[in-house]
$ cat target-v2.cif   # mmCIF, C-alpha atoms
data_data
loop_
_atom_site.label_atom_id
_atom_site.label_comp_id
_atom_site.auth_asym_id
_atom_site.auth_seq_id
_atom_site.Cartn_x
_atom_site.Cartn_y
_atom_site.Cartn_z
CA MET U 122 -4.45 -17.15 31.69
CA PRO U 123 -0.92 -17.35 33.07
CA ALA U 124 -0.32 -17.67 36.77
CA ALA U 125 0.37 -14.59 38.84
CA VAL U 126 3.99 -13.51 38.93
CA PRO U 127 5.67 -11.38 41.59
CA ALA U 128 5.95 -7.69 40.93
CA ARG U 129 9.39 -6.36 40.09
CA ALA U 130 10.74 -2.90 39.44
CA LEU U 131 11.89 -1.79 36.00
CA THR U 132 14.00 1.10 37.28
CA SER U 133 16.16 1.74 40.30
CA ALA U 134 13.72 4.44 41.35
CA SER U 135 10.89 1.92 41.57
CA VAL U 136 9.70 0.24 44.72
CA PRO U 137 7.93 -3.12 45.13
CA CYS U 138 4.15 -2.98 44.96
CA GLU U 139 1.53 -5.02 46.76
CA PRO U 140 -0.01 -8.07 45.08
CA CYS U 141 -3.07 -7.43 42.95
CA PRO U 142 -6.22 -7.06 45.05
CA PRO U 143 -8.70 -9.96 44.78
CA SER U 144 -11.29 -7.66 43.24
CA LEU U 145 -9.14 -7.38 40.13
CA MET U 146 -8.59 -11.09 39.69
CA PRO U 147 -8.63 -13.18 37.59
CA ARG U 148 -7.95 -10.79 34.69
CA VAL U 149 -5.07 -9.15 36.50
CA THR U 150 -2.24 -11.56 37.08
CA SER U 151 0.72 -9.37 37.89
CA SER U 152 1.69 -5.90 38.99
CA LEU U 153 4.14 -3.63 37.23
CA VAL U 154 6.12 -0.75 38.70
CA VAL U 155 7.20 2.01 36.33
CA THR U 156 9.24 4.85 37.83
CA GLY U 157 7.77 4.33 41.26
CA ARG U 158 4.11 4.07 40.25
CA CYS U 159 2.21 0.82 40.45
CA PHE U 160 0.01 -0.30 37.59
CA GLN U 161 -2.04 -3.47 37.54
CA GLN U 162 -1.26 -5.57 34.47
CA TRP U 163 -1.87 -9.00 33.04
CA TRP U 164 0.85 -10.77 31.02
CA SER U 165 3.01 -7.74 31.74
CA TRP U 166 6.65 -8.76 31.83
CA CYS U 167 8.58 -11.94 31.04
CA TRP U 168 11.72 -12.20 33.12
CA GLY U 169 13.04 -15.00 30.92
CA CYS U 170 13.16 -13.02 27.67
CA LYS U 171 13.05 -9.55 29.28
CA SER U 172 10.11 -8.22 27.31
CA VAL U 173 6.44 -7.33 27.47
CA VAL U 174 4.17 -10.30 26.87
CA GLY U 175 0.69 -8.91 27.45
CA ILE U 176 -1.75 -6.07 27.69
CA ASN U 177 -2.61 -3.63 30.43
CA CYS U 178 -6.11 -3.75 31.89
CA GLY U 179 -6.69 -0.04 31.84
CA LYS U 180 -4.73 1.42 34.76
CA LEU U 181 -1.63 1.83 32.56
CA SER U 182 -2.36 4.36 29.85
CA SER U 183 -1.97 3.34 26.21
CA THR U 184 0.75 5.98 25.85
CA MET U 185 2.76 4.56 28.75
CA ALA U 186 2.22 1.04 27.45
CA SER U 187 3.48 1.94 23.99
CA ARG U 188 6.55 3.64 25.48
CA LEU U 189 7.26 0.59 27.57
CA VAL U 190 7.00 -1.69 24.53
CA ARG U 191 9.47 0.41 22.57
CA LYS U 192 12.03 0.27 25.36
CA VAL U 193 12.03 -3.52 25.54
CA ASN U 194 11.87 -4.40 21.86
CA SER U 195 15.52 -5.51 21.84
CA LYS U 196 16.76 -8.73 23.36
CA GLU U 197 18.92 -8.70 26.46
CA GLY U 198 22.39 -7.43 25.70
CA GLU U 199 21.35 -5.65 22.51
CA PRO U 200 21.04 -1.86 22.24
CA PRO U 201 17.49 -0.44 22.21
CA CYS U 202 15.79 -0.05 18.85
CA LYS U 203 16.63 3.11 16.96
CA GLU U 204 13.06 4.08 16.23
CA ARG U 205 12.07 6.20 13.27
CA ARG U 206 8.68 7.77 12.61
CA ALA U 207 6.84 9.00 9.56
CA ILE U 208 3.45 10.59 8.94
CA LEU U 209 1.34 9.66 5.93
CA LEU U 210 -1.44 11.90 4.66
CA SER U 211 -4.25 9.56 3.66
CA PRO U 212 -7.96 9.74 2.79
CA VAL U 213 -8.74 9.06 6.48
CA GLY U 214 -6.33 11.66 7.85
CA LYS U 215 -2.77 11.47 9.13
CA ILE U 216 -1.46 7.96 9.79
CA GLU U 217 1.62 7.65 12.00
CA ILE U 218 3.97 4.73 11.40
CA SER U 219 6.98 3.88 13.53
CA GLY U 220 9.66 1.24 13.41
CA CYS U 221 13.33 0.37 13.28
CA GLU U 222 15.61 -1.45 10.85
CA LYS U 223 14.18 -4.78 12.03
CA GLY U 224 10.51 -4.01 11.47
CA LEU U 225 7.41 -1.99 12.29
CA HIS U 226 6.59 -1.01 15.86
CA GLU U 227 3.17 0.54 15.30
CA ILE U 228 0.68 1.87 12.76
CA LYS U 229 -1.50 4.47 14.41
CA LEU U 230 -4.71 5.80 12.87
CA PRO U 231 -6.24 9.15 13.80
CA LYS U 232 -9.27 8.84 16.04
CA THR U 233 -12.40 10.32 14.54
CA SER U 234 -16.07 10.64 15.41
CA VAL U 235 -16.99 11.80 11.90
CA LEU U 236 -16.77 9.77 8.70
CA PRO U 237 -14.21 11.10 6.20
CA SER U 238 -15.74 12.85 3.20
CA SER U 239 -17.03 10.54 0.49
CA ARG U 240 -15.00 12.62 -1.95
CA ALA U 241 -11.85 11.20 -0.36
CA GLU U 242 -12.57 7.91 -2.13
CA SER U 243 -12.36 9.37 -5.60
CA SER U 244 -9.26 11.45 -4.82
CA ALA U 245 -7.54 8.84 -2.67
CA ALA U 246 -3.88 9.38 -1.99
CA CYS U 247 -1.45 8.25 0.66
CA GLU U 248 1.81 10.16 0.67
CA VAL U 249 4.51 10.66 3.28
CA CYS U 250 4.30 14.22 4.56
CA GLU U 251 6.74 14.01 7.50
CA GLY U 252 9.84 11.95 8.24
CA ALA U 253 10.54 10.71 4.69
CA GLU U 254 14.27 11.41 4.97
CA GLU U 255 14.79 8.96 7.86
CA MET U 256 12.52 6.09 6.87
CA THR U 257 13.86 2.57 7.36
CA GLU U 258 13.18 -0.21 4.85
CA PRO U 259 10.19 -1.55 6.86
CA LEU U 260 8.70 1.95 7.01
CA THR U 261 9.20 2.39 3.26
CA GLN U 262 7.49 -0.95 2.64
CA CYS U 263 4.66 0.01 4.98
CA ALA U 264 4.12 3.33 3.19
CA ALA U 265 4.01 1.54 -0.18
CA TRP U 266 1.57 -1.06 1.20
CA LEU U 267 -0.76 1.58 2.65
CA ARG U 268 -0.60 3.58 -0.60
CA ALA U 269 -1.71 0.48 -2.48
CA TYR U 270 -4.45 -0.20 0.07
CA PHE U 271 -6.03 3.20 -0.46
CA CYS U 272 -5.24 3.80 -4.14
CA GLN U 273 -4.56 0.51 -5.95
CA PRO U 274 -5.79 -2.48 -3.92
CA ALA U 275 -5.05 -4.87 -6.81
CA ARG U 276 -1.33 -4.24 -6.25
CA MET U 277 -1.41 -5.35 -2.61
CA THR U 278 -0.91 -9.02 -3.44
CA SER U 279 2.36 -8.22 -5.22
CA LEU U 280 3.77 -6.16 -2.36
CA PRO U 281 5.53 -7.65 0.68
CA VAL U 282 3.87 -7.25 4.05
CA PRO U 283 6.36 -5.24 6.14
CA ALA U 284 8.25 -7.10 8.85
CA PHE U 285 6.94 -6.57 12.38
CA HIS U 286 9.18 -5.85 15.35
CA HIS U 287 6.76 -5.78 18.24
CA PRO U 288 6.94 -8.14 21.24
CA LEU U 289 3.25 -8.97 21.07
CA LEU U 290 3.78 -10.55 17.66
CA GLN U 291 7.08 -12.24 18.39
CA ARG U 292 6.09 -14.96 20.84
CA GLU U 293 3.51 -17.65 21.30
CA SER U 294 0.26 -16.52 22.90
CA PHE U 295 -3.41 -16.67 21.99
CA THR U 296 -3.38 -12.95 21.19
CA SER U 297 -0.48 -13.39 18.80
CA GLN U 298 -2.15 -16.44 17.23
CA VAL U 299 -5.37 -14.49 16.68
CA LEU U 300 -3.56 -11.57 15.03
CA TRP U 301 -1.49 -13.78 12.72
CA THR U 302 -4.60 -15.80 11.81
CA LEU U 303 -6.47 -12.60 10.99
CA LEU U 304 -3.60 -11.39 8.79
CA ARG U 305 -3.37 -14.71 6.96
CA ASP U 306 -7.01 -15.75 6.53
CA VAL U 307 -9.26 -12.67 6.31
CA LYS U 308 -8.67 -10.98 2.98
CA PHE U 309 -9.43 -7.55 1.51
CA GLY U 310 -13.20 -7.02 1.26
CA GLU U 311 -14.05 -9.86 3.65
CA ALA U 312 -15.41 -9.74 7.20
CA VAL U 313 -15.46 -12.24 10.04
CA SER U 314 -17.19 -12.29 13.41
CA TYR U 315 -15.34 -12.39 16.71
CA LYS U 316 -16.64 -15.92 17.26
CA GLN U 317 -15.60 -17.07 13.79
CA LEU U 318 -12.11 -15.66 14.25
CA ALA U 319 -11.85 -17.39 17.62
CA ALA U 320 -12.67 -20.69 15.89
CA LEU U 321 -10.09 -20.01 13.15
CA ALA U 322 -7.51 -19.37 15.87
CA GLY U 323 -8.34 -22.69 17.54
CA ASN U 324 -10.78 -21.81 20.34
CA SER U 325 -14.38 -21.13 19.30
CA ARG U 326 -15.32 -20.19 22.88
CA ALA U 327 -12.78 -17.36 23.09
CA ALA U 328 -14.72 -14.60 21.32
CA ARG U 329 -14.17 -12.22 24.23
CA ALA U 330 -10.42 -12.86 24.13
CA VAL U 331 -10.49 -12.11 20.41
CA GLY U 332 -12.00 -8.72 21.24
CA GLY U 333 -9.08 -8.09 23.58
CA ALA U 334 -6.64 -9.09 20.84
CA MET U 335 -8.26 -6.58 18.48
CA ARG U 336 -7.86 -3.81 21.03
CA SER U 337 -4.17 -4.64 21.41
CA ASN U 338 -3.41 -4.81 17.67
CA PRO U 339 -0.41 -2.51 17.04
CA MET U 340 -0.60 -2.76 13.23
CA ALA U 341 -3.87 -1.12 12.18
CA ILE U 342 -5.08 -1.87 8.63
CA VAL U 343 -2.14 -4.19 7.83
CA ILE U 344 -3.42 -6.61 10.47
CA PRO U 345 -7.07 -5.92 9.59
CA CYS U 346 -8.90 -5.79 12.92
CA HIS U 347 -11.45 -3.52 11.20
CA ARG U 348 -12.70 -6.65 9.38
CA VAL U 349 -13.81 -8.27 12.64
CA ILE U 350 -17.46 -7.49 13.33
CA CYS U 351 -20.26 -8.64 15.61
CA SER U 352 -22.27 -11.79 14.86
CA SER U 353 -25.33 -9.56 14.52
CA GLY U 354 -23.74 -7.79 11.57
CA GLN U 355 -23.05 -4.58 13.49
CA THR U 356 -19.55 -3.24 12.99
CA GLY U 357 -18.71 -3.14 16.69
CA ASN U 358 -16.05 -1.07 18.41
CA TYR U 359 -12.80 0.15 16.91
CA GLY U 360 -9.79 1.89 18.45
CA ALA U 361 -9.87 4.73 15.92
CA GLY U 362 -13.64 5.09 16.24
CA SER U 363 -16.62 3.31 14.69
CA PRO U 364 -16.85 5.80 11.78
CA MET U 365 -13.28 4.90 10.79
CA LYS U 366 -14.13 1.19 10.86
CA GLU U 367 -17.23 1.77 8.74
CA TRP U 368 -15.22 3.81 6.23
CA LEU U 369 -12.55 1.13 5.87
CA LEU U 370 -15.15 -1.61 5.37
CA SER U 371 -17.03 0.52 2.82
CA HIS U 372 -13.79 1.34 1.01
CA GLU U 373 -12.93 -2.34 0.66
CA LYS U 374 -16.43 -3.28 -0.44
CA LEU U 375 -16.46 -0.56 -3.11
CA GLN U 376 -12.99 -1.47 -4.42
CA LYS U 377 -13.88 -5.16 -4.54
CA GLU U 378 -17.05 -4.40 -6.51
CA LYS U 379 -15.04 -2.29 -8.96
CA SER U 380 -12.61 -5.12 -9.61
CA ALA U 381 -15.32 -7.79 -9.98
#
$ encode --input "target-v2.cif" --output "structure tokens"
Amino acid sequence: MPAAVPARALTSASVPCEPCPPSLMPRVTSSLVVTGRCFQQWWSWCWGCKSVVGINCGKLSSTMASRLVRKVNSKEGEPPCKERRAILLSPVGKIEISGCEKGLHEIKLPKTSVLPSSRAESSAACEVCEGAEEMTEPLTQCAAWLRAYFCQPARMTSLPVPAFHHPLLQRESFTSQVLWTLLRDVKFGEAVSYKQLAALAGNSRAARAVGGAMRSNPMAIVIPCHRVICSSGQTGNYGAGSPMKEWLLSHEKLQKEKSA
């Protein structure tokens, strides 16, 4: 855990905030001011590279966090990313993808409390229904990759993984190491426990930190956090809901059995 850093304002309208209260330590290691409001954060802002380097602990909403990430994607002196968005209609509902010319910013799944219909498997499709006219190359690659994931998994190995342009994946940290390890080592149709993934990433005692890395994953499905399950065999939590995680795991198992 990095040492606490002094709070600084991101806008001229912001004002300095008080240090994090002891009750929030040690998880909280810095404070962040956004338009005059104070949010407790850990690994929030790197003043050397001028970008977000960590995850909020809950007082900064996921929406605000994602907006903040988009604003600081570019290096100092460069113009902000020109973000484009597209919506894909898939067997699990509408998937929103966003990115710029340099890479993907986010893949966002719809949250659901109900499993998609089993009929979706036999009529699987994944087509762009909004934003097709302004898609960048990384978004086009992402759409093709997701289409293969749902419809023709055998083609995935011949398709390039889209470039990522998200600060969490662009610098050295345990979270970044976990996510890249997951992408590289846990293949379609496989599953790994939080503890096993921690060991693969170099720290077998960091299962809890792996759980935090899964929650912060900005690239759902492509970086397959749905393949990380509990040691007991239970699927565990998932940002888009446990039914979504179960559906994705079942989809991969069925497709793997078909190709065997």
$ closest_residue --input "target-v2.cif" --among "U:His226, U:His287, U:Lys379, U:Lys232" --to "Pro364 in chain U" --atoms "all atoms listed in the file"
U:Lys232
$ closest_residue --input "target-v2.cif" --among "U:Lys374, U:Arg326, U:Arg348, U:Lys308" --to "Thr278 in chain U" --atoms "only C-alpha atoms"
U:Lys308
$ resolve_selection --input "target-v2.cif" --expression "the PyMOL selection byres ((chain U and resi 284-286) around 10)" --output "list in words"
Arg191, Asn194, Ser195, Cys202, Gly220, Cys221, Glu222, Lys223, Gly224, Leu225, His226, Glu227, Glu258, Pro259, Leu260, Gln262, Cys263, Pro281, Val282, Pro283, His287, Pro288, Leu289, Leu290, Gln291, Pro339 and Met340 of chain U
$ write_last_selection --input "target-v2.cif" --atoms "C-alpha atoms" --output "JSON list (two decimals), in the frame of the given file"
[["chain", "number", "residue", "atom", "x", "y", "z"],
["U", 191, "ARG", "CA", 9.47, 0.41, 22.57],
["U", 194, "ASN", "CA", 11.87, -4.40, 21.86],
["U", 195, "SER", "CA", 15.52, -5.51, 21.84],
["U", 202, "CYS", "CA", 15.79, -0.05, 18.85],
["U", 220, "GLY", "CA", 9.66, 1.24, 13.41],
["U", 221, "CYS", "CA", 13.33, 0.37, 13.28],
["U", 222, "GLU", "CA", 15.61, -1.45, 10.85],
["U", 223, "LYS", "CA", 14.18, -4.78, 12.03],
["U", 224, "GLY", "CA", 10.51, -4.01, 11.47],
["U", 225, "LEU", "CA", 7.41, -1.99, 12.29],
["U", 226, "HIS", "CA", 6.59, -1.01, 15.86],
["U", 227, "GLU", "CA", 3.17, 0.54, 15.30],
["U", 258, "GLU", "CA", 13.18, -0.21, 4.85],
["U", 259, "PRO", "CA", 10.19, -1.55, 6.86],
["U", 260, "LEU", "CA", 8.70, 1.95, 7.01],
["U", 262, "GLN", "CA", 7.49, -0.95, 2.64],
["U", 263, "CYS", "CA", 4.66, 0.01, 4.98],
["U", 281, "PRO", "CA", 5.53, -7.65, 0.68],
["U", 282, "VAL", "CA", 3.87, -7.25, 4.05],
["U", 283, "PRO", "CA", 6.36, -5.24, 6.14],
["U", 287, "HIS", "CA", 6.76, -5.78, 18.24],
["U", 288, "PRO", "CA", 6.94, -8.14, 21.24],
["U", 289, "LEU", "CA", 3.25, -8.97, 21.07],
["U", 290, "LEU", "CA", 3.78, -10.55, 17.66],
["U", 291, "GLN", "CA", 7.08, -12.24, 18.39],
["U", 339, "PRO", "CA", -0.41, -2.51, 17.04],
["U", 340, "MET", "CA", -0.60, -2.76, 13.23]]
$ resolve_selection --input "target-v2.cif" --expression "the PyMOL selection byres ((chain U and resi 354) around 12)" --output "CSV table (one decimal) with C-alpha atoms, in the coordinates of the input"
chain,number,residue,atom,x,y,z
U,312,ALA,CA,-15.4,-9.7,7.2
U,313,VAL,CA,-15.5,-12.2,10.0
U,314,SER,CA,-17.2,-12.3,13.4
U,315,TYR,CA,-15.3,-12.4,16.7
U,348,ARG,CA,-12.7,-6.6,9.4
U,349,VAL,CA,-13.8,-8.3,12.6
U,350,ILE,CA,-17.5,-7.5,13.3
U,351,CYS,CA,-20.3,-8.6,15.6
U,352,SER,CA,-22.3,-11.8,14.9
U,353,SER,CA,-25.3,-9.6,14.5
U,355,GLN,CA,-23.0,-4.6,13.5
U,356,THR,CA,-19.6,-3.2,13.0
U,357,GLY,CA,-18.7,-3.1,16.7
U,367,GLU,CA,-17.2,1.8,8.7
$ closest_residue --input "target-v2.cif" --among "U:Ala320, U:Ile228, U:Val299, U:Leu267" --to "Glu248 in chain U" --atoms "only C-alpha atoms"
U:Leu267
$ closest_residue --input "target-v2.cif" --among "U:Thr233, U:Thr261, U:Ser211, U:Ser363" --to "Leu280 in chain U" --atoms "only C-alpha atoms"
U:Thr261
$ atom_distance --input "target-v2.cif" --atom1 "CA of Tyr270 in chain U" --atom2 "CA of Lys316 in chain U"
26.3 Å
